[in-house]
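Visitor: Handing over query.txt, compact mmCIF, C-alpha atoms and all ligand atoms.
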# COMPACT_ATOMS: atom_id res chain seq x y z
CA MET S 64 -17.88 95.59 54.46
CA SER S 65 -17.98 91.83 54.00
CA ALA S 66 -16.41 90.40 50.85
CA ALA S 67 -18.41 91.16 47.72
CA LYS S 68 -20.20 88.30 45.96
CA ALA S 69 -21.71 87.94 42.50
CA PRO S 70 -25.46 88.75 42.52
CA LYS S 71 -27.88 85.88 43.12
CA GLY S 72 -28.53 83.89 39.95
CA THR S 73 -25.31 84.96 38.20
CA TYR S 74 -21.96 83.23 37.88
CA ASP S 75 -18.36 83.86 36.97
CA LEU S 76 -16.63 81.82 34.30
CA LEU S 77 -13.10 81.20 35.54
CA PRO S 78 -10.37 80.78 32.89
CA ALA S 79 -10.68 77.03 32.18
CA ALA S 80 -14.48 77.30 31.96
CA ALA S 81 -14.28 80.49 29.90
CA GLU S 82 -11.95 78.75 27.44
CA ARG S 83 -14.29 75.79 27.16
CA ARG S 84 -17.20 78.19 26.59
CA ALA S 85 -15.24 79.95 23.86
CA ASP S 86 -14.49 76.58 22.19
CA ILE S 87 -18.20 75.69 22.20
CA VAL S 88 -19.22 79.03 20.72
CA ALA S 89 -16.49 78.76 18.07
CA ILE S 90 -17.79 75.33 17.00
CA ALA S 91 -21.34 76.70 16.78
CA ALA S 92 -20.08 79.72 14.83
CA ASP S 93 -18.38 77.48 12.27
CA VAL S 94 -21.60 75.54 11.71
CA PHE S 95 -23.63 78.75 11.41
CA THR S 96 -21.18 80.02 8.82
CA SER S 97 -21.36 76.79 6.83
CA TYR S 98 -25.14 77.30 6.52
CA GLY S 99 -24.74 80.91 5.37
CA PHE S 100 -25.73 82.51 8.69
CA ARG S 101 -23.93 85.69 9.74
CA GLN S 102 -23.50 87.07 13.24
CA ILE S 103 -25.55 89.95 14.62
CA VAL S 104 -24.96 91.77 17.91
CA THR S 105 -27.80 93.76 19.48
CA PRO S 106 -27.83 95.89 22.66
CA GLU S 107 -27.99 94.33 26.12
CA PHE S 108 -31.11 96.43 26.79
CA GLU S 109 -34.03 97.58 24.67
CA GLU S 110 -37.10 99.69 25.18
CA THR S 111 -39.51 97.76 27.38
CA ALA S 112 -42.26 98.21 24.80
CA LEU S 113 -40.38 95.95 22.35
CA PHE S 114 -40.72 92.96 24.66
CA ALA S 115 -44.21 93.87 25.88
CA ARG S 116 -45.33 93.81 22.24
CA GLY S 117 -42.91 91.29 20.76
CA VAL S 118 -43.00 88.71 23.52
CA GLY S 119 -46.55 89.26 24.73
CA ASP S 120 -48.11 90.93 27.77
CA ALA S 121 -49.71 87.68 28.92
CA THR S 122 -46.48 85.66 29.07
CA ASP S 123 -44.66 84.91 32.31
CA ILE S 124 -41.57 86.56 30.86
CA VAL S 125 -43.24 89.95 30.52
CA ARG S 126 -45.45 89.68 33.59
CA LYS S 127 -42.93 88.43 36.14
CA GLU S 128 -39.45 87.86 34.84
CA MET S 129 -38.11 90.99 33.16
CA TYR S 130 -35.41 93.26 34.52
CA SER S 131 -37.13 96.55 33.69
CA PHE S 132 -36.09 99.96 34.90
CA PRO S 133 -36.42 103.63 34.04
CA ASP S 134 -33.07 105.17 33.11
CA ARG S 135 -31.98 108.64 34.28
CA GLY S 136 -33.82 110.16 31.33
CA GLY S 137 -37.06 108.43 32.27
CA ARG S 138 -36.93 105.90 29.40
CA GLU S 139 -38.47 102.52 30.19
CA LEU S 140 -35.78 99.93 29.44
CA THR S 141 -35.46 96.17 29.88
CA LEU S 142 -32.42 93.91 29.94
CA ARG S 143 -32.83 91.51 27.00
CA PRO S 144 -34.84 88.48 28.23
CA GLU S 145 -34.70 86.63 24.90
CA GLY S 146 -32.99 86.95 21.54
CA THR S 147 -35.65 86.96 18.84
CA ALA S 148 -37.47 90.27 19.37
CA PRO S 149 -34.21 92.33 19.35
CA VAL S 150 -33.02 90.65 16.13
CA CYS S 151 -36.38 91.36 14.49
CA ARG S 152 -36.23 94.96 15.74
CA ALA S 153 -32.79 95.36 14.14
CA TYR S 154 -34.03 93.69 10.96
CA VAL S 155 -36.81 96.27 10.66
CA GLU S 156 -34.75 99.27 11.82
CA HIS S 157 -31.99 98.63 9.26
CA GLY S 158 -34.29 97.79 6.38
CA MET S 159 -32.89 94.29 6.11
CA PHE S 160 -36.17 93.19 4.52
CA LYS S 161 -34.70 94.62 1.30
CA LEU S 162 -31.93 91.99 1.37
CA VAL S 163 -31.98 88.64 -0.41
CA LYS S 164 -34.31 86.32 1.49
CA PRO S 165 -34.14 84.56 3.79
CA VAL S 166 -31.90 86.80 5.86
CA LYS S 167 -29.92 84.41 8.06
CA LEU S 168 -28.55 85.73 11.36
CA TRP S 169 -27.00 84.18 14.46
CA TYR S 170 -26.09 85.56 17.87
CA TYR S 171 -24.37 84.70 21.13
CA ALA S 172 -25.45 86.83 24.07
CA PRO S 173 -26.50 86.92 27.73
CA MET S 174 -30.22 86.90 28.52
CA PHE S 175 -31.71 88.25 31.73
CA ARG S 176 -34.73 86.85 33.55
CA TYR S 177 -35.77 87.26 37.14
CA GLU S 178 -36.26 83.53 37.74
CA ARG S 179 -36.41 81.58 40.93
CA PRO S 180 -32.87 80.22 41.13
CA GLN S 181 -32.82 76.43 40.74
CA ALA S 182 -30.47 73.89 39.22
CA GLY S 183 -29.43 75.02 35.78
CA ARG S 184 -31.44 78.26 35.87
CA TYR S 185 -29.77 81.63 36.09
CA ARG S 186 -30.92 85.24 36.14
CA GLU S 187 -28.19 86.02 33.66
CA HIS S 188 -27.73 83.14 31.28
CA TYR S 189 -26.13 82.80 27.88
CA GLN S 190 -27.61 81.61 24.64
CA PHE S 191 -26.55 81.12 21.10
CA GLY S 192 -29.32 81.27 18.57
CA ALA S 193 -30.26 81.91 14.98
CA GLU S 194 -33.08 83.55 13.05
CA ALA S 195 -33.98 83.05 9.37
CA LEU S 196 -36.24 85.87 8.19
CA GLY S 197 -38.27 86.27 5.03
CA SER S 198 -39.45 82.81 3.98
CA ASP S 199 -42.26 80.57 5.20
CA ASP S 200 -40.96 77.63 3.14
CA PRO S 201 -40.86 74.40 5.19
CA LEU S 202 -37.28 73.93 3.96
CA VAL S 203 -36.31 76.84 6.24
CA ASP S 204 -37.77 75.05 9.26
CA ALA S 205 -35.99 71.81 8.35
CA GLU S 206 -32.68 73.51 7.59
CA VAL S 207 -32.55 75.43 10.87
CA ILE S 208 -33.57 72.37 12.92
CA ALA S 209 -30.93 70.28 11.13
CA MET S 210 -28.34 73.02 11.66
CA LEU S 211 -28.88 72.97 15.43
CA GLY S 212 -28.68 69.17 15.33
CA GLN S 213 -25.33 69.42 13.56
CA ILE S 214 -24.03 71.86 16.18
CA TYR S 215 -24.97 69.39 18.92
CA ASP S 216 -23.33 66.56 16.92
CA GLU S 217 -20.11 68.52 16.60
CA LEU S 218 -20.22 69.27 20.33
CA GLU S 219 -20.47 65.49 20.83
CA ILE S 220 -23.82 65.70 22.61
CA GLY S 221 -25.43 62.28 22.43
CA ASP S 222 -28.77 60.83 23.51
CA LEU S 223 -30.96 63.63 22.17
CA THR S 224 -34.65 63.60 21.35
CA LEU S 225 -35.97 65.96 18.69
CA ALA S 226 -39.52 66.87 19.73
CA VAL S 227 -41.76 68.72 17.28
CA ASN S 228 -45.25 70.12 17.15
CA SER S 229 -47.27 72.57 15.10
CA MET S 230 -48.93 75.65 16.60
CA GLY S 231 -51.12 76.24 13.54
CA ASP S 232 -51.69 79.78 12.36
CA GLN S 233 -54.28 82.56 12.42
CA GLN S 234 -56.57 80.46 10.19
CA CYS S 235 -56.84 77.42 12.41
CA ARG S 236 -55.60 78.35 15.88
CA PRO S 237 -58.45 80.64 17.05
CA ALA S 238 -61.06 77.89 16.58
CA TYR S 239 -58.81 75.41 18.36
CA MET S 240 -58.27 77.86 21.24
CA GLU S 241 -62.03 78.08 21.76
CA LEU S 242 -62.25 74.30 21.70
CA LEU S 243 -59.44 74.06 24.27
CA ARG S 244 -60.96 76.81 26.41
CA GLY S 245 -64.26 74.97 26.43
CA PHE S 246 -62.53 71.75 27.46
CA LEU S 247 -60.58 73.49 30.23
CA THR S 248 -63.67 75.27 31.52
CA ALA S 249 -65.48 71.93 31.72
CA HIS S 250 -62.54 70.54 33.76
CA ALA S 251 -61.91 73.72 35.81
CA ALA S 252 -62.37 71.87 39.12
CA GLU S 253 -59.43 69.57 38.32
CA LEU S 254 -57.01 72.36 37.35
CA CYS S 255 -54.58 74.27 39.55
CA GLY S 256 -55.20 77.95 40.24
CA GLU S 257 -52.64 79.10 37.72
CA CYS S 258 -54.19 76.98 34.96
CA GLY S 259 -57.59 78.42 35.86
CA GLU S 260 -56.11 81.83 35.19
CA ARG S 261 -54.42 80.64 31.97
CA THR S 262 -57.75 79.30 30.70
CA VAL S 263 -58.77 82.94 30.35
CA THR S 264 -55.49 84.69 29.47
CA ASN S 265 -53.43 82.19 27.47
CA PRO S 266 -54.95 78.69 27.39
CA LEU S 267 -52.09 77.15 25.40
CA ARG S 268 -49.82 77.78 28.38
CA VAL S 269 -51.63 75.10 30.43
CA PHE S 270 -49.51 72.56 28.50
CA ASP S 271 -46.47 73.90 30.39
CA CYS S 272 -47.99 73.07 33.78
CA LYS S 273 -46.05 70.54 35.83
CA VAL S 274 -48.87 69.82 38.31
CA GLU S 275 -49.81 66.14 38.06
CA SER S 276 -53.60 66.64 38.10
CA CYS S 277 -53.30 69.25 35.32
CA ARG S 278 -51.14 66.91 33.27
CA ALA S 279 -53.73 64.15 33.66
CA VAL S 280 -56.50 66.44 32.42
CA LEU S 281 -54.39 67.63 29.51
CA SER S 282 -53.57 64.16 28.28
CA GLU S 283 -57.29 64.02 27.31
CA ALA S 284 -57.45 67.55 25.89
CA PRO S 285 -58.00 68.25 22.18
CA ARG S 286 -54.66 68.60 20.40
CA LEU S 287 -53.75 71.42 18.09
CA VAL S 288 -52.01 69.10 15.67
CA ASP S 289 -55.38 67.36 15.04
CA HIS S 290 -57.05 70.69 14.21
CA LEU S 291 -54.67 72.20 11.65
CA CYS S 292 -56.03 73.78 8.49
CA ASP S 293 -54.89 72.19 5.21
CA PRO S 294 -51.99 74.58 4.50
CA CYS S 295 -50.66 74.13 8.08
CA ARG S 296 -51.06 70.35 7.81
CA ARG S 297 -49.16 70.23 4.51
CA HIS S 298 -46.46 72.54 5.88
CA PHE S 299 -45.96 70.39 8.97
CA ASP S 300 -45.95 67.11 7.01
CA THR S 301 -43.29 68.53 4.67
CA VAL S 302 -41.09 69.60 7.59
CA LEU S 303 -41.34 66.10 9.10
CA GLU S 304 -40.54 64.48 5.75
CA LEU S 305 -37.48 66.73 5.20
CA LEU S 306 -36.14 66.05 8.70
CA ARG S 307 -36.42 62.28 8.16
CA ARG S 308 -34.78 62.68 4.76
CA VAL S 309 -31.61 64.01 6.44
CA GLY S 310 -31.52 61.32 9.09
CA LEU S 311 -33.33 63.03 11.97
CA ASP S 312 -36.07 61.31 13.93
CA PRO S 313 -38.66 63.90 14.95
CA VAL S 314 -41.07 62.82 17.68
CA LEU S 315 -44.47 64.48 17.94
CA ASP S 316 -44.97 66.13 21.34
CA PHE S 317 -48.40 67.73 21.81
CA ARG S 318 -47.19 69.47 24.99
CA LEU S 319 -44.60 71.36 22.99
CA VAL S 320 -46.38 74.70 22.98
CA ARG S 321 -44.09 77.70 23.19
CA GLY S 322 -45.05 80.23 25.83
CA LEU S 323 -44.61 83.13 23.41
CA ASP S 324 -47.59 84.49 21.53
CA TYR S 325 -45.83 85.05 18.22
CA TYR S 326 -45.04 81.43 17.50
CA THR S 327 -46.86 79.88 14.54
CA ARG S 328 -46.70 76.48 12.86
CA THR S 329 -43.53 74.47 13.54
CA THR S 330 -42.17 74.42 17.07
CA PHE S 331 -39.33 72.17 18.18
CA GLU S 332 -36.98 71.26 21.00
CA TYR S 333 -33.91 69.13 21.39
CA GLN S 334 -34.19 67.35 24.72
CA SER S 335 -31.26 65.72 26.45
CA ASN S 336 -31.71 62.55 28.42
CA ALA S 337 -28.33 63.10 30.07
CA LEU S 338 -29.49 65.93 32.32
CA GLY S 339 -31.05 65.26 35.66
CA PHE S 340 -33.37 68.27 35.50
CA ALA S 341 -37.11 67.87 35.27
CA GLN S 342 -36.93 70.03 32.18
CA SER S 343 -34.19 68.77 29.92
CA THR S 344 -34.52 71.04 26.91
CA ILE S 345 -31.13 72.21 25.70
CA GLY S 346 -32.38 74.22 22.75
CA GLY S 347 -35.52 74.94 20.84
CA GLY S 348 -37.55 77.41 18.91
CA GLY S 349 -39.90 77.59 15.99
CA ARG S 350 -41.71 79.67 13.47
CA TYR S 351 -42.93 83.18 14.26
CA ASP S 352 -44.61 84.48 11.13
CA GLY S 353 -46.44 87.28 12.94
CA LEU S 354 -43.64 88.87 14.95
CA VAL S 355 -41.94 91.28 12.55
CA GLU S 356 -45.27 92.86 11.62
CA LEU S 357 -46.20 93.08 15.29
CA ILE S 358 -43.17 95.25 16.00
CA GLY S 359 -43.81 97.56 13.07
CA GLY S 360 -42.13 95.89 10.10
CA PRO S 361 -43.58 94.53 6.86
CA PRO S 362 -45.25 91.10 7.07
CA THR S 363 -42.24 88.77 7.34
CA PRO S 364 -42.19 85.09 8.19
CA GLY S 365 -39.43 83.98 10.51
CA PHE S 366 -37.95 80.86 12.04
CA GLY S 367 -35.36 80.57 14.79
CA PHE S 368 -34.10 79.00 17.97
CA GLY S 369 -32.16 79.70 21.13
CA SER S 370 -29.93 77.27 23.00
CA GLY S 371 -28.75 77.76 26.57
CA LEU S 372 -24.99 77.57 26.97
CA GLU S 373 -25.09 76.37 30.58
CA ARG S 374 -26.99 73.20 29.73
CA VAL S 375 -25.12 72.68 26.47
CA THR S 376 -21.85 72.87 28.40
CA LEU S 377 -23.09 70.24 30.88
CA VAL S 378 -23.80 67.68 28.16
CA ALA S 379 -21.10 68.56 25.59
CA GLY S 380 -18.65 65.70 25.14
CA LEU S 381 -15.72 67.97 24.42
CA ASP S 382 -12.64 67.64 26.58
CA GLU S 383 -12.07 70.19 29.27
CA ALA S 384 -9.85 72.95 28.00
CA GLU S 385 -6.38 72.27 29.34
CA ASP S 386 -4.67 74.75 31.56
CA GLU S 387 -1.84 75.60 29.22
CA GLY S 388 1.23 77.42 30.37
CA PRO S 389 3.53 79.47 28.19
CA LEU S 390 5.93 77.74 25.81
CA ALA S 391 8.88 79.81 27.00
CA TYR S 392 9.72 81.36 30.36
CA VAL S 393 12.43 84.00 30.37
CA VAL S 394 14.63 83.87 33.48
CA SER S 395 16.75 86.82 34.53
CA PHE S 396 19.94 85.82 36.38
CA ALA S 397 21.12 89.26 37.40
CA PRO S 398 19.23 92.20 38.86
CA ASP S 399 20.38 94.37 35.97
CA SER S 400 19.12 91.89 33.36
CA ARG S 401 15.44 92.21 34.30
CA ALA S 402 14.86 94.71 31.51
CA ASP S 403 16.62 92.34 29.07
CA ALA S 404 14.32 89.52 30.16
CA PHE S 405 11.29 91.75 29.81
CA ALA S 406 12.35 92.86 26.31
CA LEU S 407 13.13 89.28 25.25
CA ALA S 408 9.70 88.07 26.37
CA GLN S 409 8.13 90.89 24.35
CA HIS S 410 10.28 89.97 21.30
CA LEU S 411 9.19 86.32 21.58
CA ARG S 412 5.50 87.16 21.76
CA ARG S 413 5.34 89.99 19.29
CA ASP S 414 7.98 89.16 16.65
CA LEU S 415 8.42 85.39 16.86
CA LEU S 416 4.80 84.56 17.80
CA VAL S 417 6.00 82.38 20.66
CA ASP S 418 3.92 82.32 23.87
CA ALA S 419 6.16 83.60 26.65
CA GLU S 420 6.22 84.96 30.18
CA CYS S 421 8.83 86.50 32.42
CA ASP S 422 8.97 87.19 36.14
CA LEU S 423 6.79 90.10 37.26
CA VAL S 424 7.17 89.93 41.01
CA GLY S 425 10.93 90.18 41.63
CA ARG S 426 11.72 86.51 42.29
CA SER S 427 15.29 85.26 42.70
CA ALA S 428 16.79 83.37 39.73
CA LYS S 429 16.22 80.10 41.57
CA ALA S 430 12.58 80.95 42.27
CA GLN S 431 12.12 82.01 38.65
CA LEU S 432 13.35 78.62 37.45
CA LYS S 433 10.95 76.93 39.82
CA GLN S 434 8.13 79.12 38.54
CA ALA S 435 9.14 78.32 34.94
CA GLY S 436 8.57 74.63 35.71
CA ARG S 437 5.30 75.30 37.50
CA SER S 438 3.98 77.52 34.70
CA GLY S 439 3.89 74.65 32.24
CA ALA S 440 6.61 76.21 30.09
CA GLU S 441 8.61 73.79 27.99
CA LEU S 442 11.65 76.00 27.62
CA ALA S 443 13.45 78.41 29.90
CA LEU S 444 15.42 81.21 28.26
CA LEU S 445 18.20 82.32 30.56
CA VAL S 446 19.60 85.85 30.35
CA GLY S 447 22.18 87.69 32.46
CA LEU S 448 24.49 84.68 33.03
CA ASP S 449 28.18 85.60 33.42
CA ASP S 450 29.41 82.93 31.00
CA LEU S 451 27.06 83.90 28.17
CA VAL S 452 28.55 85.48 25.04
CA ASP S 453 27.12 88.92 24.28
CA GLY S 454 24.05 88.72 22.04
CA GLU S 455 23.30 85.12 23.01
CA VAL S 456 20.72 83.54 25.24
CA ARG S 457 20.83 80.11 26.91
CA VAL S 458 17.86 77.89 26.10
CA ARG S 459 17.10 75.10 28.54
CA ASP S 460 14.68 72.29 27.70
CA LEU S 461 12.80 71.96 30.96
CA ASP S 462 12.00 68.27 30.35
CA SER S 463 15.44 66.98 29.40
CA GLY S 464 17.58 69.66 31.01
CA ASP S 465 19.54 70.03 27.73
CA GLU S 466 20.99 73.48 27.19
CA GLU S 467 22.13 75.35 24.12
CA ASP S 468 23.41 78.88 23.60
CA VAL S 469 21.58 80.61 20.74
CA ALA S 470 22.26 83.98 19.13
CA LEU S 471 19.30 86.29 19.65
CA ALA S 472 19.21 87.02 15.91
CA GLU S 473 18.79 83.29 15.19
CA LEU S 474 16.16 82.62 17.83
CA GLY S 475 13.31 82.59 15.30
CA ASP S 476 14.96 79.87 13.17
CA TRP S 477 15.88 77.98 16.33
CA PHE S 478 12.24 77.87 17.45
CA ASP S 479 11.07 76.72 14.01
CA ASP S 480 13.60 73.85 14.04
CA TRP S 481 12.77 72.92 17.61
CA LEU S 482 9.04 72.75 16.88
CA ASP S 483 9.62 70.77 13.65
CA ASP S 484 11.72 68.24 15.55
CA ASP S 485 8.98 67.62 18.01
CA GLU S 486 7.56 64.34 16.72
CA LEU S 487 4.72 64.29 19.22
CA GLY S 488 3.50 67.67 18.09
CA GLY S 489 2.74 68.62 21.64
CA HIS S 490 3.90 72.19 21.34
CA GLY S 491 0.53 73.75 20.86
CA HIS S 492 1.62 77.16 22.00
CA HIS S 493 3.45 78.27 18.91
CA HIS S 494 1.28 80.32 16.60
CA GLY S 495 3.78 80.50 13.74
CA ASN S 496 5.04 78.00 11.18
CA GLY S 497 5.90 74.39 11.79
CA ASN S 498 3.31 73.72 14.44
CA GLY S 499 2.26 70.41 12.96
CA ASN S 500 -0.24 72.37 10.92
CA PRO S 501 -0.80 70.23 7.81
CA LEU S 502 -1.26 73.34 5.71
CA GLY S 503 2.07 74.67 6.89
CA GLY S 504 0.80 78.24 6.85
CA ASN S 505 1.07 80.83 9.53
CA GLY S 506 -1.76 79.92 11.80
CA GLY S 507 -1.56 83.02 13.95
CA GLY S 508 -4.89 83.80 15.52
CA ASP S 509 -6.38 80.42 14.63
CA ARG S 510 -8.08 80.00 17.99
ZN ZN S 601 -51.87 73.62 36.29
ZN ZN S 602 -53.53 76.78 9.89
For the file at hand, write its structure as structure tokens.
Guide:
Amino acid sequence: MSAAKAPKGTYDLLPAAAERRADIVAIAADVFTSYGFRQIVTPEFEETALFARGVGDATDIVRKEMYSFPDRGGRELTLRPEGTAPVCRAYVEHGMFKLVKPVKLWYYAPMFRYERPQAGRYREHYQFGAEALGSDDPLVDAEVIAMLGQIYDELEIGDLTLAVNSMGDQQCRPAYMELLRGFLTAHAAELCGECGERTVTNPLRVFDCKVESCRAVLSEAPRLVDHLCDPCRRHFDTVLELLRRVGLDPVLDFRLVRGLDYYTRTTFEYQSNALGFAQSTIGGGGRYDGLVELIGGPPTPGFGFGSGLERVTLVAGLDEAEDEGPLAYVVSFAPDSRADAFALAQHLRRDLLVDAECDLVGRSAKAQLKQAGRSGAELALLVGLDDLVDGEVRVRDLDSGDEEDVALAELGDWFDDWLDDDELGGHGHHHGNGNGNPLGGNGGGDR
């Protein structure tokens, strides 16, 4: 058989990219936490009916893009195409509506859609997102939008536009839909085939169309934001006012109509001008006051967003994660000291919290020293030398070549002193004390 490849539309994250991804998610997680959001993890697949109901039968996602399959027990299942419906399902299933409102949840997970592969689009792609459930207060909308803005700030993503719109609600949207349908019917000859179809099934979706003639027609179409009922108008004005109050600059975008049926009132997107794609949204979402009830829960307003990690990674200003080697490389100088080297490396990692490696392929001492240099290690610990006193190890600074014999029992203190002496603080491998950590505590597991 020819060499196996990853399936079309998927990708591997190799170590440097995986580390950068983890850094980005960790930054987002810190911001979520600072706003009182807590993480939720839902299954990779759900019953197909959840998405058919919760996303909408007429949407492209449900009609063309889902990975749906019967399992061996005949259950109809679908790989999660989006994050909101599963979170709402869990909210209902676990009675979270009894908790203090709003219930604030965030997630990081892969999403699966059978899309035509193109730049920046994947069949398995990753999102982080958040949902605030249980309050229709415009402060929720503003807080969540501002939270995502802060995440992008901390990821050093510049040159962003915050686009906003209102989708109205059940009071004002039906009348607007009829108005729009009438307009589209009158201009049917100028619309593409797909928009002709959407006029009947889901007229709001025509705003997504990229065909030039459709866009020309739509620039003249009645706009939802001009047909809001009074409560929707007041809600939207308050959201805009709150966003400006915290330094954001929302721009009204009448085309910003989410393709999902459950969206109501505020809808928003952060758009990057740094990406070359026709569609430059890096994250967006909105209010979905009808969704929880639709999937069998009590009437519950909700507001949330999803943000694609692939695009975020492209525009994040963070430095590439460095390929870091171990701090110490243990070199065995005699065939019968391999077990000593192995045990010393384990002692360094487990007891002294020092990053360490030893030879695992049977290299000669000379080749081990070469590998120590190549690995990025700063120190080589030499064992099995004839002139070493029993119970001691020779430590060689791989930069300066300086050597010192250290008693194994004093190795922990030796490492603390060595790291303290390092004025440049470049020894980022040590997880214990004295790592230039201003708090001076044991920072083990701080990454
Ligand atoms: Zn069209
Ligand atoms: Zn309304």
Visitor: Could I get the residue neighbourhood of ligand ZN 602 (chain S) at 7 Å, counting all atoms listed in the file, as a ChimeraX atom specification?
Guide: /S:231-236,291-295
Visitor: Compare S:Gly137, S:Gly447, S:Gly353, S:Gly259 by their minimum atom-to-atom distance to ligand ZN 601 (chain S), counting only C-alpha atoms and all ligand atoms, and give me the closest one.
Guide: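 Closest residue, counting only C-alpha atoms and all ligand atoms: S:Gly259.
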Visitor: Looking at S:His290, S:Lys164, S:Arg401, S:His188, which one is nearest to Pro237 (chain S), with distances taken over all atoms listed in the file?
Guide: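 Closest candidate: S:His290.
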Visitor: If the limit is 6 Å from any atom of ligand ZN 601 (chain S), counting all atoms listed in the file, which residues qualify? Return them as a PyMOL selection string.
Guide: chain S and resi 254-255+257-258+272+274+277
Visitor: Quick one, how far is CA of Gly99 (chain S) from CA of Ser343 (chain S)?
Guide: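 If I compute the distance from CA of Gly99 (chain S) to CA of Ser343 (chain S), I get 29.0 Å.
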Visitor: How many Å separate CA of Gly348 (chain S) from CA of Leu76 (chain S)?
Guide: 26.3 Å
Visitor: Could I see region 431-443 of chain S restored to N, CA, C and O atoms, set down as a JSON list (two decimals), keeping the file's coordinate frame?
Guide:
[["chain", "number", "residue", "atom", "x", "y", "z"],
["S", 431, "GLN", "N", 12.63, 81.87, 40.02],
["S", 431, "GLN", "CA", 12.12, 82.01, 38.65],
["S", 431, "GLN", "C", 12.16, 80.68, 37.91],
["S", 431, "GLN", "O", 11.23, 80.32, 37.19],
["S", 432, "LEU", "N", 13.25, 79.93, 38.10],
["S", 432, "LEU", "CA", 13.35, 78.62, 37.45],
["S", 432, "LEU", "C", 12.26, 77.67, 37.94],
["S", 432, "LEU", "O", 11.66, 76.92, 37.18],
["S", 433, "LYS", "N", 12.00, 77.76, 39.24],
["S", 433, "LYS", "CA", 10.95, 76.93, 39.82],
["S", 433, "LYS", "C", 9.59, 77.32, 39.21],
["S", 433, "LYS", "O", 8.78, 76.47, 38.84],
["S", 434, "GLN", "N", 9.38, 78.62, 39.10],
["S", 434, "GLN", "CA", 8.13, 79.12, 38.54],
["S", 434, "GLN", "C", 8.01, 78.74, 37.06],
["S", 434, "GLN", "O", 6.91, 78.44, 36.57],
["S", 435, "ALA", "N", 9.14, 78.72, 36.35],
["S", 435, "ALA", "CA", 9.14, 78.32, 34.94],
["S", 435, "ALA", "C", 8.59, 76.90, 34.82],
["S", 435, "ALA", "O", 7.75, 76.61, 33.97],
["S", 436, "GLY", "N", 9.05, 76.01, 35.72],
["S", 436, "GLY", "CA", 8.57, 74.63, 35.71],
["S", 436, "GLY", "C", 7.09, 74.56, 36.04],
["S", 436, "GLY", "O", 6.31, 73.88, 35.37],
["S", 437, "ARG", "N", 6.69, 75.32, 37.06],
["S", 437, "ARG", "CA", 5.30, 75.30, 37.50],
["S", 437, "ARG", "C", 4.35, 75.88, 36.46],
["S", 437, "ARG", "O", 3.19, 75.52, 36.37],
["S", 438, "SER", "N", 4.84, 76.81, 35.66],
["S", 438, "SER", "CA", 3.98, 77.52, 34.70],
["S", 438, "SER", "C", 3.56, 76.65, 33.53],
["S", 438, "SER", "O", 2.68, 77.03, 32.77],
["S", 439, "GLY", "N", 4.20, 75.49, 33.39],
["S", 439, "GLY", "CA", 3.89, 74.65, 32.24],
["S", 439, "GLY", "C", 4.77, 74.97, 31.04],
["S", 439, "GLY", "O", 4.59, 74.40, 29.97],
["S", 440, "ALA", "N", 5.71, 75.88, 31.20],
["S", 440, "ALA", "CA", 6.61, 76.21, 30.09],
["S", 440, "ALA", "C", 7.46, 75.00, 29.72],
["S", 440, "ALA", "O", 7.80, 74.18, 30.59],
["S", 441, "GLU", "N", 7.77, 74.89, 28.43],
["S", 441, "GLU", "CA", 8.61, 73.79, 27.99],
["S", 441, "GLU", "C", 10.08, 74.20, 27.91],
["S", 441, "GLU", "O", 10.96, 73.36, 27.97],
["S", 442, "LEU", "N", 10.28, 75.48, 27.75],
["S", 442, "LEU", "CA", 11.65, 76.00, 27.62],
["S", 442, "LEU", "C", 11.86, 77.14, 28.59],
["S", 442, "LEU", "O", 10.95, 77.94, 28.81],
["S", 443, "ALA", "N", 13.06, 77.22, 29.15],
["S", 443, "ALA", "CA", 13.45, 78.41, 29.90],
["S", 443, "ALA", "C", 14.53, 79.11, 29.10],
["S", 443, "ALA", "O", 15.46, 78.46, 28.59]]
